[in-house]
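Student: Pasting protein09.tsv below, which is TSV, C-alpha atoms and all ligand atoms.
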```tsv
chain	number	residue	atom	x	y	z
A	1	MET	CA	-10.67	16.99	-25.34
A	2	SER	CA	-7.94	14.61	-26.39
A	3	ASP	CA	-7.50	11.24	-24.70
A	4	LEU	CA	-4.66	10.74	-22.23
A	5	LEU	CA	-4.39	7.23	-23.60
A	6	ARG	CA	-5.91	5.90	-26.80
A	7	LEU	CA	-5.48	2.49	-28.40
A	8	GLU	CA	-7.25	1.73	-31.69
A	9	ASN	CA	-7.55	-1.83	-32.94
A	10	VAL	CA	-4.32	-2.96	-31.35
A	11	ASP	CA	-2.78	-6.36	-31.99
A	12	ALA	CA	0.26	-7.08	-29.82
A	13	PHE	CA	2.74	-9.94	-29.68
A	14	TYR	CA	5.57	-11.37	-27.60
A	15	GLY	CA	7.74	-13.00	-30.24
A	16	SER	CA	5.31	-15.10	-32.26
A	17	ALA	CA	2.73	-15.25	-29.42
A	18	HIS	CA	-0.31	-13.19	-30.44
A	19	ILE	CA	-1.71	-11.76	-27.16
A	20	LEU	CA	-3.92	-8.70	-27.88
A	21	HIS	CA	-6.56	-8.89	-30.61
A	22	GLY	CA	-8.15	-5.72	-32.00
A	23	LEU	CA	-8.12	-3.88	-28.69
A	24	SER	CA	-9.45	-0.31	-28.48
A	25	LEU	CA	-9.34	1.87	-25.37
A	26	HIS	CA	-9.79	5.56	-24.58
A	27	ILE	CA	-9.08	7.27	-21.27
A	28	GLN	CA	-9.74	10.96	-20.74
A	29	ALA	CA	-8.55	13.38	-18.06
A	30	GLY	CA	-9.88	12.59	-14.61
A	31	GLU	CA	-11.46	9.24	-15.53
A	32	ARG	CA	-11.36	6.22	-13.19
A	33	VAL	CA	-11.35	3.02	-15.17
A	34	GLY	CA	-11.16	-0.54	-13.87
A	35	LEU	CA	-9.59	-3.16	-16.15
A	36	VAL	CA	-10.62	-6.64	-15.02
A	37	GLY	CA	-10.18	-10.19	-16.21
A	38	ARG	CA	-8.74	-13.52	-15.17
A	39	ASN	CA	-5.05	-14.33	-14.99
A	40	GLY	CA	-3.39	-14.57	-18.38
A	41	VAL	CA	-6.01	-12.70	-20.46
A	42	GLY	CA	-3.56	-9.93	-21.39
A	43	LYS	CA	-4.09	-7.12	-18.86
A	44	THR	CA	-0.39	-6.57	-18.22
A	45	THR	CA	0.23	-6.82	-21.95
A	46	VAL	CA	-1.92	-3.71	-22.45
A	47	VAL	CA	0.56	-1.84	-20.23
A	48	ASN	CA	3.55	-3.55	-21.85
A	49	THR	CA	2.32	-2.52	-25.30
A	50	LEU	CA	2.24	1.18	-24.48
A	51	LEU	CA	5.68	0.84	-22.89
A	52	GLY	CA	6.99	-0.87	-26.03
A	53	LEU	CA	7.70	-4.10	-24.10
A	54	ALA	CA	5.19	-6.07	-26.16
A	55	ARG	CA	5.29	-5.61	-29.94
A	56	LEU	CA	2.62	-3.41	-31.52
A	57	GLN	CA	1.93	-5.29	-34.74
A	58	GLN	CA	-1.33	-3.70	-35.88
A	59	GLY	CA	-3.33	-0.70	-34.77
A	60	ARG	CA	-2.45	2.69	-33.35
A	61	VAL	CA	-1.44	4.08	-29.94
A	62	TRP	CA	-1.62	7.70	-28.79
A	63	LEU	CA	-0.02	8.91	-25.54
A	64	ASN	CA	-1.64	12.19	-24.49
A	65	GLY	CA	-2.67	12.89	-28.08
A	66	HIS	CA	0.71	12.01	-29.63
A	67	GLU	CA	0.75	8.97	-31.86
A	68	HIS	CA	3.79	6.72	-31.56
A	69	ARG	CA	4.57	3.84	-33.88
A	70	ARG	CA	7.81	2.80	-32.16
A	71	LEU	CA	6.98	2.90	-28.48
A	72	ARG	CA	9.77	3.03	-25.89
A	73	PRO	CA	9.53	2.69	-22.10
A	74	TYR	CA	10.39	6.35	-21.35
A	75	MET	CA	7.74	7.81	-23.68
A	76	ALA	CA	4.80	7.17	-21.39
A	77	ALA	CA	6.32	9.19	-18.53
A	78	GLN	CA	7.20	12.03	-20.89
A	79	HIS	CA	3.53	12.21	-21.89
A	80	GLY	CA	2.26	12.17	-18.31
A	81	LEU	CA	1.49	8.47	-17.94
A	82	ALA	CA	3.02	6.76	-14.90
A	83	VAL	CA	2.99	3.00	-14.41
A	84	VAL	CA	2.93	1.12	-11.12
A	85	PRO	CA	4.10	-2.21	-12.48
A	86	GLN	CA	2.79	-5.58	-11.39
A	87	GLY	CA	5.19	-6.93	-8.75
A	88	ARG	CA	6.25	-3.36	-7.77
A	89	ARG	CA	9.87	-3.48	-9.01
A	90	ILE	CA	11.46	-1.50	-6.19
A	91	LEU	CA	15.19	-1.01	-6.69
A	92	SER	CA	17.12	-2.76	-3.93
A	93	ASN	CA	20.28	-0.67	-4.10
A	94	LEU	CA	18.36	2.58	-3.55
A	95	THR	CA	16.82	3.87	-0.32
A	96	VAL	CA	13.13	4.61	0.00
A	97	GLU	CA	13.77	8.30	-0.62
A	98	GLU	CA	16.04	7.62	-3.60
A	99	ASN	CA	13.34	5.41	-5.12
A	100	LEU	CA	10.88	8.30	-4.74
A	101	LEU	CA	13.28	10.82	-6.28
A	102	LEU	CA	13.82	8.50	-9.22
A	103	GLY	CA	10.12	8.87	-9.98
A	104	ALA	CA	10.64	12.61	-10.46
A	105	ALA	CA	13.45	12.10	-12.99
A	106	VAL	CA	11.08	12.80	-15.87
A	107	GLY	CA	10.95	16.41	-14.62
A	108	ARG	CA	7.26	17.17	-15.15
A	109	ALA	CA	5.89	20.07	-13.14
A	110	GLY	CA	2.98	19.36	-10.82
A	111	PRO	CA	1.82	19.15	-7.24
A	112	TRP	CA	3.62	16.01	-6.01
A	113	GLN	CA	6.83	16.34	-4.04
A	114	VAL	CA	8.51	14.02	-1.54
A	115	LYS	CA	6.80	15.75	1.41
A	116	ASP	CA	3.39	15.09	-0.14
A	117	ILE	CA	4.17	11.40	-0.56
A	118	TYR	CA	5.24	11.28	3.10
A	119	ARG	CA	1.94	12.89	4.09
A	120	LEU	CA	0.10	10.23	2.11
A	121	PHE	CA	2.23	7.36	3.51
A	122	PRO	CA	3.88	8.41	6.83
A	123	ILE	CA	5.60	5.01	7.13
A	124	LEU	CA	7.74	5.87	4.11
A	125	GLN	CA	9.13	8.91	5.91
A	126	GLU	CA	9.98	6.77	8.94
A	127	ARG	CA	11.85	4.39	6.63
A	128	ALA	CA	13.22	7.04	4.27
A	129	HIS	CA	16.85	5.96	4.50
A	130	THR	CA	16.45	2.17	4.48
A	131	PRO	CA	16.85	0.15	1.28
A	132	GLY	CA	13.57	0.02	-0.63
A	133	THR	CA	13.49	-3.76	-0.65
A	134	ALA	CA	13.86	-3.92	3.17
A	135	LEU	CA	10.22	-2.80	3.38
A	136	SER	CA	7.24	-5.15	3.80
A	137	GLY	CA	5.20	-5.98	0.69
A	138	GLY	CA	2.54	-3.41	1.55
A	139	GLN	CA	5.13	-0.72	2.21
A	140	GLN	CA	6.87	-1.52	-1.09
A	141	GLN	CA	3.54	-1.08	-2.86
A	142	MET	CA	3.11	2.32	-1.17
A	143	LEU	CA	6.59	3.19	-2.38
A	144	ALA	CA	5.74	2.09	-5.94
A	145	VAL	CA	2.62	4.28	-5.88
A	146	GLY	CA	4.57	7.19	-4.37
A	147	ARG	CA	7.29	6.82	-7.00
A	148	ALA	CA	4.68	6.98	-9.78
A	149	LEU	CA	3.02	10.07	-8.27
A	150	MET	CA	6.42	11.81	-8.13
A	151	ALA	CA	6.26	11.92	-11.94
A	152	ASN	CA	3.19	14.18	-11.60
A	153	PRO	CA	1.19	12.03	-14.01
A	154	ALA	CA	-2.09	12.97	-15.66
A	155	LEU	CA	-2.86	9.23	-15.76
A	156	ILE	CA	-1.57	6.55	-13.40
A	157	LEU	CA	-1.76	2.90	-14.48
A	158	LEU	CA	-1.89	0.52	-11.53
A	159	ASP	CA	-1.23	-3.12	-12.40
A	160	GLU	CA	-2.66	-5.34	-9.64
A	161	PRO	CA	-1.49	-3.00	-6.87
A	162	THR	CA	-3.10	-5.01	-4.07
A	163	GLU	CA	-1.99	-8.49	-5.13
A	164	GLY	CA	-1.02	-10.44	-2.01
A	165	LEU	CA	-1.62	-7.59	0.44
A	166	ALA	CA	-3.51	-7.71	3.74
A	167	PRO	CA	-7.06	-6.22	3.77
A	168	VAL	CA	-6.01	-3.35	6.05
A	169	ILE	CA	-3.35	-2.29	3.50
A	170	VAL	CA	-5.85	-2.68	0.64
A	171	ASP	CA	-8.20	-0.31	2.49
A	172	GLN	CA	-5.42	2.22	2.94
A	173	LEU	CA	-4.49	2.04	-0.75
A	174	ALA	CA	-8.17	2.40	-1.76
A	175	GLU	CA	-8.32	5.68	0.18
A	176	VAL	CA	-5.13	6.89	-1.45
A	177	PHE	CA	-6.36	6.00	-4.96
A	178	ASN	CA	-9.58	7.91	-4.31
A	179	ALA	CA	-7.66	10.90	-2.95
A	180	VAL	CA	-5.38	10.88	-6.01
A	181	ALA	CA	-8.40	10.68	-8.34
A	182	GLU	CA	-10.20	13.49	-6.51
A	183	GLN	CA	-7.13	15.65	-6.96
A	184	GLY	CA	-7.63	15.19	-10.73
A	185	THR	CA	-5.34	12.35	-11.82
A	186	ALA	CA	-6.97	9.75	-14.08
A	187	LEU	CA	-6.65	6.10	-13.02
A	188	LEU	CA	-6.47	2.83	-14.89
A	189	LEU	CA	-6.83	0.22	-12.17
A	190	ILE	CA	-6.00	-3.34	-13.22
A	191	GLU	CA	-7.36	-5.56	-10.45
A	192	GLN	CA	-8.59	-9.00	-9.46
A	193	ASN	CA	-10.08	-7.59	-6.26
A	194	MET	CA	-13.55	-6.49	-7.37
A	195	SER	CA	-14.44	-4.94	-4.03
A	196	LEU	CA	-11.55	-2.54	-4.62
A	197	VAL	CA	-12.71	-1.84	-8.18
A	198	VAL	CA	-16.21	-0.84	-7.02
A	199	ARG	CA	-14.74	1.49	-4.41
A	200	VAL	CA	-12.43	3.27	-6.86
A	201	ALA	CA	-13.59	2.96	-10.50
A	202	LYS	CA	-16.50	4.65	-12.28
A	203	ARG	CA	-16.44	2.44	-15.36
A	204	TYR	CA	-14.94	-0.91	-16.23
A	205	LEU	CA	-13.56	-2.87	-19.14
A	206	ALA	CA	-13.62	-6.66	-18.88
A	207	MET	CA	-11.08	-8.65	-20.82
A	208	ALA	CA	-10.93	-12.27	-22.01
A	209	LYS	CA	-8.37	-13.82	-24.35
A	210	GLY	CA	-6.80	-10.53	-25.40
A	211	SER	CA	-10.02	-8.64	-26.21
A	212	PHE	CA	-12.59	-6.60	-24.31
A	213	VAL	CA	-15.75	-8.62	-23.83
A	214	ALA	CA	-17.81	-6.21	-21.72
A	215	GLN	CA	-17.81	-2.69	-20.39
A	216	GLY	CA	-20.07	-0.49	-18.35
A	217	GLU	CA	-20.51	1.78	-15.38
A	218	VAL	CA	-19.28	0.90	-11.90
A	219	HIS	CA	-21.14	1.84	-8.72
A	220	ASN	CA	-20.21	1.12	-5.14
A	221	THR	CA	-23.10	-1.34	-4.74
A	222	ARG	CA	-23.56	-5.10	-4.34
A	223	GLU	CA	-25.20	-5.28	-7.77
A	224	SER	CA	-22.18	-3.69	-9.39
A	225	LEU	CA	-19.86	-6.00	-7.45
A	226	HIS	CA	-21.79	-9.08	-8.64
A	227	ASP	CA	-21.82	-7.76	-12.20
A	228	LEU	CA	-18.04	-7.36	-12.16
A	229	GLU	CA	-17.46	-10.73	-10.53
A	230	SER	CA	-19.52	-12.42	-13.24
A	231	HIS	CA	-17.07	-11.14	-15.85
A	232	VAL	CA	-14.02	-12.61	-14.17
A	233	MET	CA	-15.62	-15.98	-13.27
A	234	VAL	CA	-16.49	-16.98	-16.85
B	301	LIG	N1	7.26	-11.99	-21.96
B	301	LIG	C1	6.35	-12.84	-22.42
B	301	LIG	N2	6.63	-13.67	-23.47
B	301	LIG	C2	5.70	-14.53	-23.95
B	301	LIG	N3	4.44	-14.63	-23.45
B	301	LIG	C3	4.12	-13.86	-22.42
B	301	LIG	C4	5.03	-12.93	-21.84
B	301	LIG	N4	4.41	-12.29	-20.82
B	301	LIG	C5	3.17	-12.80	-20.77
B	301	LIG	N5	2.99	-13.74	-21.72
B	301	LIG	C6	1.74	-14.50	-21.99
B	301	LIG	O1	0.80	-13.54	-22.48
B	301	LIG	C7	-0.50	-13.85	-21.98
B	301	LIG	C8	-1.05	-12.62	-21.28
B	301	LIG	O2	-0.26	-12.34	-20.13
B	301	LIG	P1	-0.50	-11.07	-19.23
B	301	LIG	O3	-0.70	-9.88	-20.08
B	301	LIG	O4	0.61	-11.04	-18.26
B	301	LIG	O5	-1.89	-11.46	-18.52
B	301	LIG	P2	-2.59	-10.84	-17.23
B	301	LIG	O6	-1.86	-9.61	-16.84
B	301	LIG	O7	-4.02	-10.60	-17.66
B	301	LIG	O8	-2.53	-11.91	-16.17
B	301	LIG	C9	-0.35	-15.06	-21.08
B	301	LIG	O9	-0.70	-16.19	-21.83
B	301	LIG	C10	1.13	-15.07	-20.74
B	301	LIG	O10	1.57	-16.39	-20.54
B	302	MG	MG	-0.85	-9.10	-15.11
```
Just dump the structure as structure tokens.

Tutor:
Amino acid sequence: MSDLLRLENVDAFYGSAHILHGLSLHIQAGERVGLVGRNGVGKTTVVNTLLGLARLQQGRVWLNGHEHRRLRPYMAAQHGLAVVPQGRRILSNLTVEENLLLGAAVGRAGPWQVKDIYRLFPILQERAHTPGTALSGGQQQMLAVGRALMANPALILLDEPTEGLAPVIVDQLAEVFNAVAEQGTALLLIEQNMSLVVRVAKRYLAMAKGSFVAQGEVHNTRESLHDLESHVMV
């Protein structure tokens, strides 16, 4: 089976700043992977590299089995990879519903339609015709997740989706991520909240200074939680 996302020995830069060092990563259909590490280690740069927003200087990147040497932001969606960016990036001049429909612009067939997103997040239906940025932070995150699902991705990359959100919203998102994974979509969950990682992921990659320094299985246990926390404390 080919990987939905594969990076081999990737070095990535912003200008002359060398951020990723020899990074390799494979994600297959249906996998649930947690990507953890302290602020500034390069987690978002992994996403930015496959979107072509950080410069791939060395190494190789495959999106759903297709190798690309000149990556562009639209390529990921075309290959079934949807990104929920850090900081959400909801468009202020579009309504909630228009933001969702934008997610479907890539035109991939699949199970997710607006009505399904409203079933997942009823509050979005109540607020369907208000500007996206009029929503609370938690609601905007739901909208960002809904928008990504509208692309009917085989893999969804979530970059710190619970940053700054109240525990009750984090719990709701955890349930949604598990429901999405059970329906067959692979997840790459970039998180600082390890109690969320143990509830959602089955394996983890721990990053420091632009490289992976540890990896292993994840279980929803205290031991697994402590193991993960040890990798982000160092
Ligand atoms: N656009 C950019 N230009 C230059 N350096 C950047 C840019 N974005 C991030 N960086 C730097 O790259 C490093 C990794 O950042 P990032 O991937 O955002 O880390 P993380 O997501 O793990 O917090 C940090 O040192 C950060 O300051
Ligand atoms: Mg980041």

Student: When the cut-off is 9 Å and you count all atoms listed in the file, which residues lie near ligand LIG 301 (chain B), shown as number ranges by chain?

Tutor: A: 13-20, 36-48, 53-54, 86, 159-160, 190, 207-210

Student: Could you check which of A:Ile169, A:Gly65, A:Val213, A:Leu7 is closest to Leu196 of chain A, using all atoms listed in the file?

Tutor: A:Ile169

Student: What does the distance from atom CA of Pro131 of chain A to atom CA of Val84 of chain A come to in Å, to one decimal?

Tutor: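 Separation between atom CA of Pro131 of chain A and atom CA of Val84 of chain A: 18.7 Å.
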
Student: For Glu97 of chain A, find every residue with an atom within 8 Å (counting all atoms listed in the file), except residues of its own chain fewer than 6 positions away, and show them as a list in words.

Tutor: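 Contacts, in chain order: Val114, Ala128 and His129 of chain A.
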
Student: Let me make sure I understand: among A:Gln57, A:Ser92, A:Gln139, A:Thr162, which one has the smallest atom-to-atom distance to ligand MG 302 (chain B) if we use only C-alpha atoms and all ligand atoms?

Tutor: A:Thr162

Student: Using all atoms listed in the file, collect all residues at a distance of at most 6 Å from (-5.7, 7.5, -13.9) as written in the file, then present them as an NGL selection string.

Tutor: :A and (32 or 155-156 or 185-188)

Student: Could you check how far atom CA of Leu91 of chain A sits from atom CA of Lys115 of chain A, in Å to one decimal?

Tutor: 20.4 Å

Student: For Glu182 of chain A, which residue out of A:Val197, A:Ala29, A:Leu124, A:Leu5 is the nearest one, using all atoms listed in the file?

Tutor: A:Ala29

Student: Could you jot down the atom CA of Leu51 of chain A to atom CA of Pro85 of chain A separation for me, Å, one decimal place?

Tutor: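 That distance, rounded to one decimal, is 11.0 Å.
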
Student: Sorted by chain and rising residue number, list the residues of segment 86-146 of chain A at most 12 Å from segment 174-181 of chain A (counting all atoms listed in the file), each with its closest atom pair and distance in Å to one decimal, as a tab-separated table.

Tutor:
```
residue	atom	partner	partner_atom	distance
A:Pro111	CA	A:Val180	CA	11.0
A:Trp112	CA	A:Val180	CA	10.4
A:Asp116	CA	A:Val180	CA	11.4
A:Ile117	CA	A:Val176	CA	10.4
A:Arg119	CA	A:Val176	CA	10.8
A:Leu120	CA	A:Val176	CA	7.2
A:Phe121	CA	A:Val176	CA	8.9
A:Gln141	CA	A:Val176	CA	11.9
A:Met142	CA	A:Val176	CA	9.4
A:Val145	CA	A:Phe177	CA	9.2
A:Gly146	CA	A:Val176	CA	10.1
```

Student: Go through A:Pro153, A:Gly87, A:Gly34, A:Gly110 one by one, measure the shortest atom-to-atom distance of each to Arg203 of chain A using all atoms listed in the file, and give the residue with the smallest value.

Tutor: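 Ranking A:Pro153, A:Gly87, A:Gly34, A:Gly110 by distance to Arg203 of chain A, first place goes to A:Gly34.
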
Student: Nearest to Gly107 of chain A: which of A:Met150, A:Leu35, A:Leu25, A:Val83 is it, counting only C-alpha atoms?

Tutor: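 With only C-alpha atoms as the atom set, the closest residue is A:Met150.
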